[in-house]
>>> print(open('query27.txt').read())   # compact mmCIF, C-alpha atoms and all ligand atoms
# COMPACT_ATOMS: atom_id res chain seq x y z
CA MET M 1 167.71 93.14 90.65
CA ILE M 2 166.79 90.00 88.70
CA GLU M 3 163.26 89.43 87.38
CA VAL M 4 162.58 86.23 85.53
CA SER M 5 159.14 85.53 84.16
CA ASN M 6 157.90 82.40 82.44
CA LEU M 7 161.33 81.66 81.04
CA SER M 8 161.67 78.49 78.97
CA LYS M 9 164.46 76.99 76.89
CA ARG M 10 164.08 74.20 74.42
CA TYR M 11 167.04 72.34 72.91
CA GLY M 12 165.47 70.54 69.97
CA ARG M 13 162.82 68.35 71.54
CA HIS M 14 164.24 68.67 75.02
CA LEU M 15 162.72 71.33 77.27
CA ALA M 16 165.68 72.18 79.54
CA VAL M 17 163.99 75.05 81.43
CA LYS M 18 160.23 75.07 81.89
CA ASP M 19 158.34 78.24 82.60
CA ALA M 20 160.70 79.54 85.29
CA THR M 21 159.58 82.55 87.30
CA PHE M 22 161.61 83.98 90.17
CA SER M 23 163.23 87.16 91.34
CA VAL M 24 166.28 88.25 93.27
CA GLU M 25 166.21 91.46 95.27
CA LYS M 26 169.08 93.91 95.50
CA GLY M 27 171.54 92.86 98.20
CA GLU M 28 170.40 89.23 98.37
CA ILE M 29 172.75 86.25 98.25
CA VAL M 30 170.79 83.54 96.50
CA GLY M 31 171.89 79.94 96.08
CA PHE M 32 170.72 78.33 92.84
CA LEU M 33 170.54 74.59 93.44
CA GLY M 34 169.69 71.55 91.42
CA PRO M 35 171.06 68.15 90.44
CA ASN M 36 173.20 67.65 87.32
CA GLY M 37 171.25 68.53 84.22
CA ALA M 38 168.54 70.38 86.16
CA GLY M 39 168.87 73.50 84.03
CA LYS M 40 171.01 75.79 86.19
CA THR M 41 173.58 76.67 83.57
CA THR M 42 170.91 77.05 80.90
CA THR M 43 168.99 79.49 83.12
CA ILE M 44 172.15 81.40 83.97
CA ARG M 45 173.19 81.64 80.33
CA MET M 46 169.80 83.14 79.49
CA LEU M 47 170.08 85.59 82.39
CA THR M 48 173.49 86.75 81.26
CA GLY M 49 172.39 87.22 77.67
CA PHE M 50 174.43 84.39 76.18
CA LEU M 51 171.50 82.22 75.24
CA PRO M 52 168.19 83.43 73.82
CA PRO M 53 165.16 82.00 75.63
CA SER M 54 162.56 80.01 73.68
CA SER M 55 159.91 82.02 75.50
CA GLY M 56 159.51 84.27 78.50
CA SER M 57 161.68 87.17 79.59
CA ALA M 58 164.31 88.27 82.05
CA SER M 59 165.51 91.65 83.20
CA ILE M 60 168.45 92.87 85.22
CA ALA M 61 168.05 96.09 87.21
CA GLY M 62 164.99 96.85 85.09
CA PHE M 63 166.74 96.32 81.74
CA ASP M 64 165.49 93.55 79.49
CA ILE M 65 168.38 91.20 78.92
CA PHE M 66 167.75 90.98 75.18
CA ARG M 67 166.14 94.25 74.19
CA GLN M 68 168.45 96.34 76.39
CA SER M 69 171.32 93.93 76.44
CA ILE M 70 174.16 96.46 76.76
CA GLU M 71 172.63 98.21 79.77
CA ALA M 72 171.74 94.89 81.39
CA ARG M 73 175.15 93.33 80.85
CA LYS M 74 176.97 96.33 82.31
CA ARG M 75 175.40 95.38 85.62
CA ILE M 76 176.28 91.71 85.54
CA GLY M 77 179.54 90.09 86.56
CA TYR M 78 179.30 86.58 85.20
CA MET M 79 181.62 83.75 86.06
CA PRO M 80 180.79 80.77 83.84
CA GLU M 81 180.97 77.11 84.80
CA ASN M 82 184.20 76.62 82.87
CA VAL M 83 186.05 79.88 82.96
CA PRO M 84 187.35 80.54 79.44
CA LEU M 85 190.78 82.06 79.83
CA TYR M 86 193.46 82.82 77.29
CA ASP M 87 196.26 80.50 78.34
CA ASP M 88 198.97 82.42 76.59
CA MET M 89 198.28 85.73 78.28
CA ARG M 90 199.62 86.96 81.56
CA VAL M 91 197.07 87.49 84.34
CA ARG M 92 197.22 91.28 84.42
CA GLU M 93 197.38 91.57 80.66
CA TYR M 94 194.31 89.33 80.36
CA LEU M 95 192.32 91.35 82.87
CA SER M 96 193.22 94.61 81.11
CA PHE M 97 192.14 93.10 77.82
CA ARG M 98 188.82 92.04 79.36
CA ALA M 99 188.32 95.46 80.92
CA ARG M 100 188.85 97.13 77.54
CA ILE M 101 186.40 94.71 75.86
CA LYS M 102 183.86 95.64 78.49
CA GLY M 103 184.22 99.27 77.47
CA LEU M 104 186.46 100.73 80.17
CA SER M 105 188.81 103.55 79.19
CA ASN M 106 192.57 102.93 79.49
CA GLY M 107 192.79 104.79 82.76
CA ASP M 108 189.74 103.13 84.28
CA ALA M 109 190.96 99.73 83.12
CA ARG M 110 194.31 100.25 84.83
CA ARG M 111 192.66 101.31 88.09
CA ARG M 112 190.05 98.54 88.08
CA VAL M 113 192.56 95.81 87.21
CA ALA M 114 194.79 96.89 90.10
CA HIS M 115 191.73 96.81 92.33
CA VAL M 116 190.47 93.34 91.33
CA VAL M 117 194.00 91.89 91.45
CA ASP M 118 194.06 93.04 95.05
CA THR M 119 190.49 91.94 95.92
CA CYS M 120 190.95 88.49 94.42
CA GLY M 121 194.39 87.84 95.91
CA LEU M 122 196.18 87.72 92.56
CA ASP M 123 199.14 89.92 93.38
CA ALA M 124 201.63 87.05 93.54
CA VAL M 125 200.60 85.72 90.12
CA LYS M 126 199.71 88.85 88.17
CA ARG M 127 202.76 88.53 85.91
CA LYS M 128 202.38 84.79 85.35
CA MET M 129 201.09 83.10 82.22
CA ILE M 130 197.54 81.88 82.75
CA LYS M 131 198.46 78.36 81.59
CA THR M 132 200.82 77.97 84.55
CA LEU M 133 198.14 78.72 87.16
CA SER M 134 196.55 76.16 89.46
CA LYS M 135 192.79 75.62 89.17
CA GLY M 136 192.17 77.71 92.30
CA PHE M 137 194.03 80.68 90.84
CA ARG M 138 192.29 80.27 87.49
CA GLN M 139 188.97 80.55 89.33
CA ARG M 140 190.19 83.72 91.00
CA VAL M 141 191.11 85.16 87.62
CA GLY M 142 187.56 84.29 86.49
CA LEU M 143 186.15 86.14 89.48
CA ALA M 144 188.43 89.12 88.87
CA ASP M 145 187.21 89.20 85.27
CA ALA M 146 183.59 89.11 86.47
CA LEU M 147 184.31 92.06 88.78
CA VAL M 148 186.47 94.24 86.61
CA HIS M 149 183.70 96.47 85.21
CA GLN M 150 182.27 97.05 88.69
CA PRO M 151 178.94 95.23 88.27
CA GLU M 152 176.28 95.36 90.98
CA LEU M 153 175.27 91.77 90.40
CA LEU M 154 177.47 88.68 90.43
CA ILE M 155 176.26 85.50 88.78
CA LEU M 156 178.55 82.61 89.59
CA ASP M 157 178.06 79.18 88.06
CA GLU M 158 179.64 76.62 90.39
CA PRO M 159 182.59 78.76 91.32
CA THR M 160 184.18 76.11 93.53
CA ASN M 161 183.79 73.22 91.09
CA GLY M 162 186.95 71.10 90.91
CA LEU M 163 188.78 72.87 93.70
CA ASP M 164 190.42 71.23 96.70
CA PRO M 165 189.03 71.90 100.21
CA ILE M 166 191.55 74.65 100.95
CA GLN M 167 190.87 76.44 97.67
CA ILE M 168 187.13 76.01 98.22
CA ARG M 169 187.44 77.70 101.57
CA GLN M 170 189.44 80.56 100.06
CA ILE M 171 186.99 81.16 97.21
CA ARG M 172 184.09 80.95 99.66
CA GLU M 173 185.68 83.61 101.89
CA LEU M 174 186.22 85.76 98.83
CA ILE M 175 182.58 85.40 97.77
CA LYS M 176 181.40 86.17 101.29
CA HIS M 177 183.47 89.30 101.18
CA LEU M 178 182.08 90.30 97.77
CA ALA M 179 178.57 89.63 99.02
CA LEU M 180 178.92 92.59 101.39
CA ASN M 181 178.44 94.98 98.48
CA HIS M 182 177.04 92.92 95.61
CA THR M 183 173.87 91.03 94.86
CA VAL M 184 174.91 87.41 94.25
CA LEU M 185 173.30 84.49 92.47
CA ILE M 186 175.47 81.42 92.95
CA SER M 187 174.89 77.93 91.68
CA SER M 188 176.60 75.17 93.56
CA HIS M 189 176.47 71.48 94.36
CA ILE M 190 177.98 71.98 97.77
CA LEU M 191 174.93 72.47 99.91
CA SER M 192 176.71 73.07 103.18
CA GLU M 193 178.49 75.87 101.41
CA VAL M 194 175.30 77.43 100.13
CA GLU M 195 173.73 77.08 103.56
CA MET M 196 176.66 79.07 104.93
CA ILE M 197 176.51 81.98 102.54
CA ALA M 198 173.05 82.25 101.00
CA ASN M 199 170.10 83.98 102.64
CA ARG M 200 167.74 82.40 100.15
CA VAL M 201 167.81 79.39 97.86
CA ILE M 202 166.06 78.56 94.62
CA ILE M 203 165.79 74.86 93.85
CA ILE M 204 165.42 73.74 90.24
CA ASP M 205 164.85 70.15 89.13
CA SER M 206 164.25 68.84 85.59
CA GLY M 207 163.93 72.42 84.40
CA LYS M 208 161.25 73.36 86.93
CA ILE M 209 161.59 75.74 89.86
CA LYS M 210 160.63 73.64 92.89
CA ALA M 211 161.14 76.11 95.72
CA ALA M 212 162.39 79.57 96.55
CA ASP M 213 162.75 80.40 100.21
CA THR M 214 165.23 80.83 103.05
CA PRO M 215 167.14 77.66 104.01
CA GLN M 216 165.56 77.92 107.48
CA ASN M 217 162.00 77.95 106.14
CA LEU M 218 162.67 75.10 103.74
CA ILE M 219 164.18 73.03 106.52
CA ALA M 220 161.32 73.82 108.89
CA GLU M 221 158.74 72.74 106.32
CA MET M 222 160.40 69.43 105.77
CA ARG M 223 159.24 66.12 107.07
CA ALA M 224 162.71 65.04 108.10
CA ALA M 225 162.70 67.88 110.62
CA GLY M 226 161.07 65.57 113.15
CA ARG M 227 163.40 62.59 113.14
CA VAL M 228 164.56 61.03 116.40
CA GLN M 229 167.00 58.18 116.80
CA CYS M 230 167.42 55.99 119.88
CA GLU M 231 169.40 52.91 120.86
CA ILE M 232 167.62 50.57 123.24
CA LEU M 233 168.56 47.14 124.67
CA ALA M 234 165.27 45.26 124.26
CA PRO M 235 163.55 43.11 121.61
CA ALA M 236 163.16 45.20 118.49
CA ASP M 237 159.50 44.38 117.82
CA GLU M 238 158.41 45.20 121.37
CA VAL M 239 160.12 48.58 121.26
CA ALA M 240 158.86 49.33 117.77
CA ALA M 241 155.29 48.48 118.77
CA GLU M 242 155.52 50.73 121.80
CA VAL M 243 157.16 53.79 120.21
CA SER M 244 155.07 53.73 117.05
CA GLY M 245 152.05 54.40 119.27
CA LEU M 246 153.55 57.64 120.61
CA PRO M 247 151.89 60.95 119.63
CA ASN M 248 153.03 62.40 116.25
CA VAL M 249 155.05 59.34 115.28
CA LYS M 250 154.39 58.43 111.65
CA LYS M 251 156.88 55.67 111.01
CA VAL M 252 159.48 53.64 112.86
CA THR M 253 162.41 51.76 111.36
CA SER M 254 164.69 49.49 113.36
CA GLU M 255 168.19 48.23 112.82
CA ASP M 256 169.95 45.52 114.85
CA LEU M 257 173.24 46.53 116.41
CA GLU M 258 175.64 44.40 118.50
CA GLU M 259 174.71 42.34 121.58
CA GLY M 260 170.98 42.90 121.53
CA TRP M 261 171.08 46.67 121.08
CA VAL M 262 168.68 48.00 118.48
CA ARG M 263 168.66 51.42 116.83
CA HIS M 264 165.18 52.81 116.15
CA THR M 265 164.45 55.82 113.99
CA LEU M 266 161.17 57.62 114.55
CA TRP M 267 159.79 59.88 111.83
CA SER M 268 157.27 62.44 112.96
CA ASP M 269 155.69 65.70 111.84
CA SER M 270 158.05 68.61 111.37
CA GLY M 271 158.40 70.80 114.40
CA THR M 272 157.67 67.95 116.81
CA ASP M 273 160.14 66.40 119.19
CA THR M 274 159.49 62.89 120.52
CA ARG M 275 162.65 62.53 122.61
CA GLN M 276 160.96 63.03 125.96
CA SER M 277 158.25 60.45 125.23
CA VAL M 278 160.85 57.90 124.11
CA ALA M 279 162.81 58.45 127.31
CA ASN M 280 159.61 58.01 129.35
CA VAL M 281 158.69 54.76 127.61
CA ALA M 282 162.17 53.34 128.10
CA SER M 283 162.15 54.24 131.75
CA GLU M 284 158.63 52.83 132.38
CA LYS M 285 159.57 49.56 130.69
CA GLY M 286 162.95 49.40 132.34
CA TRP M 287 164.71 49.24 128.94
CA PRO M 288 168.34 50.36 128.95
CA LEU M 289 168.64 53.44 126.72
CA ARG M 290 172.14 54.47 125.67
CA SER M 291 171.57 57.08 122.98
CA LEU M 292 168.76 59.45 122.09
CA PHE M 293 169.04 62.35 119.70
CA ARG M 294 167.02 64.46 117.35
CA HIS M 295 168.28 64.67 113.81
CA GLU M 296 168.52 68.28 112.68
CA ALA M 297 167.52 68.53 109.04
CA THR M 298 169.96 70.26 106.74
CA LEU M 299 169.59 71.95 103.41
CA GLU M 300 170.92 68.73 101.94
CA ASP M 301 167.90 66.82 103.32
CA VAL M 302 165.60 69.39 101.72
CA PHE M 303 167.45 69.12 98.42
CA VAL M 304 167.31 65.31 98.37
CA GLU M 305 163.63 65.33 99.31
CA MET M 306 162.69 67.84 96.62
CA THR M 307 164.66 66.33 93.80
CA ARG M 308 163.96 62.67 94.57
CA LYS M 309 163.01 60.73 91.47
CA ASP M 310 160.91 58.00 93.17
N1 LIG M 401 173.64 73.06 74.05
C1 LIG M 401 172.80 72.10 74.42
N2 LIG M 401 172.14 71.35 73.51
C2 LIG M 401 171.29 70.38 73.89
N3 LIG M 401 171.00 70.08 75.17
C3 LIG M 401 171.60 70.79 76.11
C4 LIG M 401 172.54 71.82 75.81
N4 LIG M 401 172.99 72.36 76.97
C5 LIG M 401 172.36 71.69 77.95
N5 LIG M 401 171.53 70.74 77.46
C6 LIG M 401 170.65 69.85 78.24
O1 LIG M 401 169.79 70.65 79.01
C7 LIG M 401 169.63 70.14 80.32
C8 LIG M 401 170.04 71.18 81.35
O2 LIG M 401 171.44 71.36 81.26
P1 LIG M 401 172.23 72.42 82.15
O3 LIG M 401 173.64 72.44 81.69
O4 LIG M 401 171.49 73.69 82.17
O5 LIG M 401 172.14 71.74 83.59
P2 LIG M 401 172.88 72.12 84.96
O6 LIG M 401 171.82 72.21 85.99
O7 LIG M 401 173.77 73.29 84.77
O8 LIG M 401 173.74 70.82 85.22
P3 LIG M 401 175.20 70.65 85.91
O9 LIG M 401 174.94 70.58 87.38
O10 LIG M 401 175.67 69.32 85.40
O11 LIG M 401 176.06 71.78 85.51
C9 LIG M 401 170.43 68.86 80.36
O12 LIG M 401 169.56 67.80 80.11
C10 LIG M 401 171.43 69.03 79.24
O13 LIG M 401 171.79 67.79 78.74
MG MG M 402 175.74 73.61 84.97
>>> encode(input="query27.txt", output="structure tokens")
Amino acid sequence: MIEVSNLSKRYGRHLAVKDATFSVEKGEIVGFLGPNGAGKTTTIRMLTGFLPPSSGSASIAGFDIFRQSIEARKRIGYMPENVPLYDDMRVREYLSFRARIKGLSNGDARRRVAHVVDTCGLDAVKRKMIKTLSKGFRQRVGLADALVHQPELLILDEPTNGLDPIQIRQIRELIKHLALNHTVLISSHILSEVEMIANRVIIIDSGKIKAADTPQNLIAEMRAAGRVQCEILAPADEVAAEVSGLPNVKKVTSEDLEEGWVRHTLWSDSGTDTRQSVANVASEKGWPLRSLFRHEATLEDVFVEMTRKD
């Protein structure tokens, strides 16, 4: 559905996107992740035909986004980072106006607007002026706009940015629902959210694509996958010396807690689990052990690891 090859964008001397190549298959829900300034919006603006690339190319459903722009854009529902809405229009009036701009006939526009008002939960506000809407409802209007011409592909640039937790949950449910019959590329800072809805993620950092894989695979490949924490009542150096000799353990850090308890964190290869050996050591030595757990890596750990500047 999306094919990007060797795409670059230069702003003056600054190369904001560097030789990006990736693809998104029909039906996929792909999270597009990266820290502030990584190049997400720049990439998305090139994909949606709003920004010409400095080099490279992109196509949507086989149509080159610049040479066959009209055909390509018909298939894209784009919700920008800051949804530009006409404040002095009413919701339904605005959506009809957008539908007409996108080439729908009067009759089709009427039908599609009624449909997206329903899908996006805008019925209660459809007669209201856009300037009176809360941020959450403005985002919904942005989504309705993106959907009005019945695109196969939705490209959403931080759709939950600036929303409160309840609104975030509502928009997320809406996107999940839309994902049932659309291909979705969604950029977001909220990694737990992406982990919930995306079946694949693309990580971009300083303009470079760093990874493209399922969250599960990325997590499995990560070092932090084998991290075990224990709390033991014994001299810290003795415990550290003992557990750092266990198989697979690469590094041990220790932190004093209250009344002689010490928390040790053991880093090991991904896919290994040192809990049993820690329990054995503690029991052989007669050290009281009050907590032992394996840290499950999250997409956030992967993100931090891949975009670390040190
Ligand atoms: N119009 C522009 N002119 C010059 N530089 C720009 C322009 N737009 C973006 N940049 C720069 O390009 C880089 C990438 O910006 P971009 O907006 O694509 O990042 P982003 O990943 O969307 O960040 P955020 O998470 O903050 O939205 C940044 O260094 C930014 O300052
Ligand atoms: Mg952005």
>>> closest_residue(input="query27.txt", among="M:Gly12, M:Gly103, M:Gly162, M:Gly56", to="ligand LIG 401 (chain M)", atoms="all atoms listed in the file")
M:Gly12
>>> residues_near_ligand(input="query27.txt", ligand="ligand LIG 401 (chain M)", cutoff="9 Å", atoms="all atoms listed in the file", output="VMD selection string")
chain M and resid 9 to 12 14 to 17 33 to 45 81 157 to 158 187 to 189 204 to 207
>>> closest_residue(input="query27.txt", among="M:Glu152, M:Asn161, M:Leu147, M:Val117", to="ligand MG 402 (chain M)", atoms="only C-alpha atoms and all ligand atoms")
M:Asn161
>>> closest_residue(input="query27.txt", among="M:Gly27, M:Leu156, M:Met306, M:Ser283", to="ligand MG 402 (chain M)", atoms="all atoms listed in the file")
M:Leu156
>>> closest_residue(input="query27.txt", among="M:Ile60, M:Val83, M:Ala220, M:Val148", to="M:Leu104", atoms="all atoms listed in the file")
M:Val148
>>> closest_residue(input="query27.txt", among="M:Pro80, M:Gln68, M:Arg13, M:Arg110", to="ligand MG 402 (chain M)", atoms="all atoms listed in the file")
M:Pro80
>>> closest_residue(input="query27.txt", among="M:Ile101, M:Met129, M:Val113, M:Met79", to="ligand MG 402 (chain M)", atoms="only C-alpha atoms and all ligand atoms")
M:Met79
>>> residues_near_point(input="query27.txt", point="(176.1, 85.8, 84.4)", cutoff="9 Å", atoms="only C-alpha atoms", output="JSON, numbers by chain")
{"M": [44, 45, 46, 47, 48, 49, 50, 73, 76, 77, 78, 79, 80, 146, 153, 154, 155, 156, 157, 185]}
